[in-house]
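**Q** What follows is the file model26.pdb, containing PDB, C-alpha atoms:
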```pdb
ATOM      1  CA  ILE A   1      16.945  -3.117  10.905  1.00  0.00           C
ATOM      2  CA  CYS A   2      15.507   0.237   9.813  1.00  0.00           C
ATOM      3  CA  GLU A   3      18.786   2.049  10.364  1.00  0.00           C
ATOM      4  CA  THR A   4      20.682  -0.551   8.326  1.00  0.00           C
ATOM      5  CA  LEU A   5      18.185  -0.376   5.459  1.00  0.00           C
ATOM      6  CA  ASN A   6      18.303   3.438   5.406  1.00  0.00           C
ATOM      7  CA  HIS A   7      22.116   3.312   5.396  1.00  0.00           C
ATOM      8  CA  LEU A   8      22.157   0.873   2.468  1.00  0.00           C
ATOM      9  CA  ALA A   9      19.641   2.917   0.500  1.00  0.00           C
ATOM     10  CA  TYR A  10      21.579   6.149   0.981  1.00  0.00           C
ATOM     11  CA  HIS A  11      25.134   4.897   0.469  1.00  0.00           C
ATOM     12  CA  GLU A  12      24.460   2.360  -2.287  1.00  0.00           C
ATOM     13  CA  HIS A  13      21.873   4.538  -4.111  1.00  0.00           C
ATOM     14  CA  ILE A  14      19.298   1.732  -4.138  1.00  0.00           C
ATOM     15  CA  ALA A  15      15.611   1.502  -3.406  1.00  0.00           C
ATOM     16  CA  VAL A  16      14.664  -0.607  -0.417  1.00  0.00           C
ATOM     17  CA  VAL A  17      11.186  -2.101  -0.455  1.00  0.00           C
ATOM     18  CA  VAL A  18       9.678  -3.333   2.794  1.00  0.00           C
ATOM     19  CA  THR A  19       6.212  -4.690   3.413  1.00  0.00           C
ATOM     20  CA  ASN A  20       3.862  -4.436   6.342  1.00  0.00           C
ATOM     21  CA  GLN A  21       0.726  -6.526   6.116  1.00  0.00           C
ATOM     22  CA  VAL A  22      -2.481  -5.139   7.558  1.00  0.00           C
ATOM     23  CA  THR A  23      -4.708  -6.984   9.939  1.00  0.00           C
ATOM     24  CA  LEU A  24      -8.231  -6.403  11.181  1.00  0.00           C
ATOM     25  CA  LYS A  25      -8.666  -5.081  14.707  1.00  0.00           C
ATOM     26  CA  ILE A  26     -12.099  -5.815  16.121  1.00  0.00           C
ATOM     27  CA  GLU A  27     -13.161  -3.486  18.902  1.00  0.00           C
ATOM     28  CA  ASP A  28     -14.262  -5.072  22.179  1.00  0.00           C
ATOM     29  CA  ASN A  29     -18.010  -5.598  22.558  1.00  0.00           C
ATOM     30  CA  SER A  30     -18.853  -3.952  19.242  1.00  0.00           C
ATOM     31  CA  GLU A  31     -19.229  -4.612  15.550  1.00  0.00           C
ATOM     32  CA  ASN A  32     -16.685  -1.913  14.688  1.00  0.00           C
ATOM     33  CA  SER A  33     -13.377  -2.906  13.169  1.00  0.00           C
ATOM     34  CA  SER A  34     -10.444  -1.187  11.500  1.00  0.00           C
ATOM     35  CA  MET A  35      -7.370  -2.119   9.484  1.00  0.00           C
ATOM     36  CA  ILE A  36      -4.100  -1.695  11.361  1.00  0.00           C
ATOM     37  CA  PRO A  37      -0.471  -2.371  10.392  1.00  0.00           C
ATOM     38  CA  ALA A  38       0.537  -5.871  11.521  1.00  0.00           C
ATOM     39  CA  LEU A  39       3.986  -4.639  12.634  1.00  0.00           C
ATOM     40  CA  GLY A  40       2.490  -1.725  14.554  1.00  0.00           C
ATOM     41  CA  GLU A  41       2.077   2.001  14.029  1.00  0.00           C
ATOM     42  CA  SER A  42       5.737   2.820  14.718  1.00  0.00           C
ATOM     43  CA  TRP A  43       6.889   0.740  11.726  1.00  0.00           C
ATOM     44  CA  SER A  44       4.514   2.626   9.414  1.00  0.00           C
ATOM     45  CA  HIS A  45       6.420   5.879  10.110  1.00  0.00           C
ATOM     46  CA  VAL A  46       9.819   4.508   9.036  1.00  0.00           C
ATOM     47  CA  PRO A  47       9.544   4.521   5.201  1.00  0.00           C
ATOM     48  CA  SER A  48       9.713   7.840   3.375  1.00  0.00           C
ATOM     49  CA  THR A  49       7.067   6.660   0.906  1.00  0.00           C
ATOM     50  CA  ARG A  50       4.054   4.483   1.715  1.00  0.00           C
ATOM     51  CA  VAL A  51       1.998   2.817  -1.017  1.00  0.00           C
ATOM     52  CA  PHE A  52      -1.150   0.895  -0.107  1.00  0.00           C
ATOM     53  CA  LEU A  53      -1.859  -2.013  -2.476  1.00  0.00           C
ATOM     54  CA  GLN A  54      -5.258  -3.677  -2.559  1.00  0.00           C
ATOM     55  CA  TYR A  55      -7.569  -5.666  -4.777  1.00  0.00           C
ATOM     56  CA  LYS A  56      -9.815  -3.397  -6.825  1.00  0.00           C
ATOM     57  CA  GLN A  57     -13.474  -3.628  -5.878  1.00  0.00           C
ATOM     58  CA  THR A  58     -16.605  -2.862  -7.852  1.00  0.00           C
ATOM     59  CA  LYS A  59     -18.640   0.023  -6.444  1.00  0.00           C
ATOM     60  CA  GLU A  60     -21.927  -1.831  -6.788  1.00  0.00           C
ATOM     61  CA  THR A  61     -21.073  -5.069  -4.987  1.00  0.00           C
ATOM     62  CA  ARG A  62     -17.790  -4.291  -3.184  1.00  0.00           C
ATOM     63  CA  ASP A  63     -16.461  -7.566  -4.645  1.00  0.00           C
ATOM     64  CA  SER A  64     -12.903  -7.852  -5.946  1.00  0.00           C
ATOM     65  CA  VAL A  65     -12.440  -7.627  -9.692  1.00  0.00           C
ATOM     66  CA  PRO A  66     -10.308 -10.636 -10.741  1.00  0.00           C
ATOM     67  CA  GLY A  67      -6.706  -9.634 -11.435  1.00  0.00           C
ATOM     68  CA  GLU A  68      -7.239  -5.905 -10.904  1.00  0.00           C
ATOM     69  CA  ARG A  69      -5.523  -4.031  -8.127  1.00  0.00           C
ATOM     70  CA  GLU A  70      -5.172  -0.442  -6.938  1.00  0.00           C
ATOM     71  CA  ALA A  71      -2.106   1.397  -5.619  1.00  0.00           C
ATOM     72  CA  ARG A  72      -2.665   4.481  -3.459  1.00  0.00           C
ATOM     73  CA  ILE A  73       0.115   6.715  -2.173  1.00  0.00           C
ATOM     74  CA  LEU A  74      -0.456   7.313   1.532  1.00  0.00           C
ATOM     75  CA  LYS A  75       2.789   9.125   2.316  1.00  0.00           C
ATOM     76  CA  SER A  76       5.419  10.756   0.116  1.00  0.00           C
ATOM     77  CA  SER A  77       7.347  14.009   0.173  1.00  0.00           C
ATOM     78  CA  ASN A  78       7.471  14.014  -3.655  1.00  0.00           C
ATOM     79  CA  HIS A  79       3.854  13.092  -4.300  1.00  0.00           C
ATOM     80  CA  ASN A  80       1.644  15.081  -6.649  1.00  0.00           C
ATOM     81  CA  PRO A  81      -1.585  15.413  -4.599  1.00  0.00           C
ATOM     82  CA  SER A  82      -3.751  15.477  -7.741  1.00  0.00           C
ATOM     83  CA  ILE A  83      -2.873  11.812  -8.372  1.00  0.00           C
ATOM     84  CA  LYS A  84      -5.014   9.737  -6.029  1.00  0.00           C
ATOM     85  CA  SER A  85      -4.384   6.175  -7.210  1.00  0.00           C
ATOM     86  CA  ALA A  86      -3.349   3.938 -10.082  1.00  0.00           C
ATOM     87  CA  ASN A  87      -5.000   0.748 -11.269  1.00  0.00           C
ATOM     88  CA  PHE A  88      -2.977  -2.212 -12.498  1.00  0.00           C
ATOM     89  CA  ALA A  89      -3.203  -5.944 -13.028  1.00  0.00           C
ATOM     90  CA  ILE A  90      -0.796  -8.759 -12.339  1.00  0.00           C
ATOM     91  CA  THR A  91      -0.903 -11.186 -15.254  1.00  0.00           C
ATOM     92  CA  THR A  92       1.264 -13.932 -16.696  1.00  0.00           C
ATOM     93  CA  LYS A  93       3.012 -11.150 -18.664  1.00  0.00           C
ATOM     94  CA  GLY A  94       3.828  -9.190 -15.508  1.00  0.00           C
ATOM     95  CA  ILE A  95       2.418  -5.932 -14.141  1.00  0.00           C
ATOM     96  CA  CYS A  96       0.149  -4.196 -16.681  1.00  0.00           C
ATOM     97  CA  ASP A  97      -1.722  -0.881 -16.842  1.00  0.00           C
ATOM     98  CA  ILE A  98      -5.507  -0.949 -16.807  1.00  0.00           C
ATOM     99  CA  GLU A  99      -7.264   1.448 -19.150  1.00  0.00           C
ATOM    100  CA  GLU A 100      -9.754   3.742 -17.408  1.00  0.00           C
ATOM    101  CA  ASP A 101     -13.270   4.075 -18.836  1.00  0.00           C
TER
END
```
Since I need it in another form, could you write the structure as structure tokens?

**A**
Amino acid sequence: ICETLNHLAYHEHIAVVVTNQVTLKIEDNSENSSMIPALGESWSHVPSTRVFLQYKQTKETRDSVPGEREARILKSSNHNPSIKSANFAITTKGICDIEED
């Protein structure tokens, strides 16, 4: 599938968006856990750009802020390292910027 998607993207000059959900891996006999890609580590190396999307959380309570989300670039050959993340909201009007304080 990956080879076909890369071929389409290159020859048709289109962006291909794929998703890989994350799941929680709980370590045996411990309270430690970590997020891992549901399709495995090998799939996470296929895309040339990786963007991690998550609900935005407040620093004080670690609760999600309704409607607000954060996008973080985890992998990109064209990424400006000074840009860490971008906040946005999904509303009835579509995807909207969120003004920073």

**Q** Atom CA of Val18 of chain A to atom CA of Trp43 of chain A: how many Å, to one decimal?

**A**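 Between atom CA of Val18 of chain A and atom CA of Trp43 of chain A the gap works out to 10.2 Å.
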
**Q** Can you pull out every residue within 6 Å of Ala38 of chain A, counting only C-alpha atoms, but drop anything in the same chain fewer than 6 positions away, and send it as an MDAnalysis selection string?

**A** chainID A and resid 21:23

**Q** For the structure shown, which residues end up in the PyMOL selection byres ((chain A and resi 24) around 9)? Put them as a CSV table (one decimal) with C-alpha atoms, in the coordinates of the input, please?

**A**
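So out-v8.csv came out as:
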```csv
chain,number,residue,atom,x,y,z
A,22,VAL,CA,-2.5,-5.1,7.6
A,23,THR,CA,-4.7,-7.0,9.9
A,25,LYS,CA,-8.7,-5.1,14.7
A,26,ILE,CA,-12.1,-5.8,16.1
A,33,SER,CA,-13.4,-2.9,13.2
A,34,SER,CA,-10.4,-1.2,11.5
A,35,MET,CA,-7.4,-2.1,9.5
A,36,ILE,CA,-4.1,-1.7,11.4
A,37,PRO,CA,-0.5,-2.4,10.4
A,38,ALA,CA,0.5,-5.9,11.5
```

**Q** Taking all atoms of segment 24-42 of chain A that the file lists, what box with edges along x, y and z, padded by 3 Å per side, do you get, with centre and edge lengths in Å to one decimal, as JSON?

**A**
```
{"center_x": -6.7, "center_y": -1.8, "center_z": 16.0, "size_x": 31.0, "size_y": 15.2, "size_z": 19.1}
```

**Q** State, in Å with one decimal place, the distance from atom CA of Ser76 of chain A to atom CA of Thr91 of chain A.

**A**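 If I compute the distance from atom CA of Ser76 of chain A to atom CA of Thr91 of chain A, I get 27.5 Å.
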
**Q** From the options A:Asn32, A:Thr92, A:Asn87, A:Thr49, which residue's atoms come nearest to Ile73 of chain A, counting all atoms listed in the file?

**A**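 Of all the options, A:Thr49 lies closest to Ile73 of chain A.
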
**Q** Which residues are near Val51 of chain A? Cut-off 10 Å, all atoms listed in the file, ignore same chain within fewer than 2 positions. Put them as a ChimeraX atom specification.

**A** /A:19,47,49,53-54,70-76,85

**Q** Quick one: which residues end up in the PyMOL selection byres ((chain A and resi 17) around 12) for this structure, as JSON, numbers by chain?

**A** {"A": [2, 5, 6, 8, 9, 14, 15, 16, 18, 19, 20, 46, 47, 48, 49, 50, 51]}

**Q** If I take atom CA of Lys93 of chain A and atom CA of Arg69 of chain A, how far is one from the other in Å, to one decimal?

**A**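 We find that atom CA of Lys93 of chain A and atom CA of Arg69 of chain A lie 15.3 Å from each other.
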
**Q** For the PyMOL selection byres ((chain A and resi 88) around 7), applied here, can you spell out every residue it catches as an MDAnalysis selection string?

**A** chainID A and resid 68:70 86:87 89:90 95:98
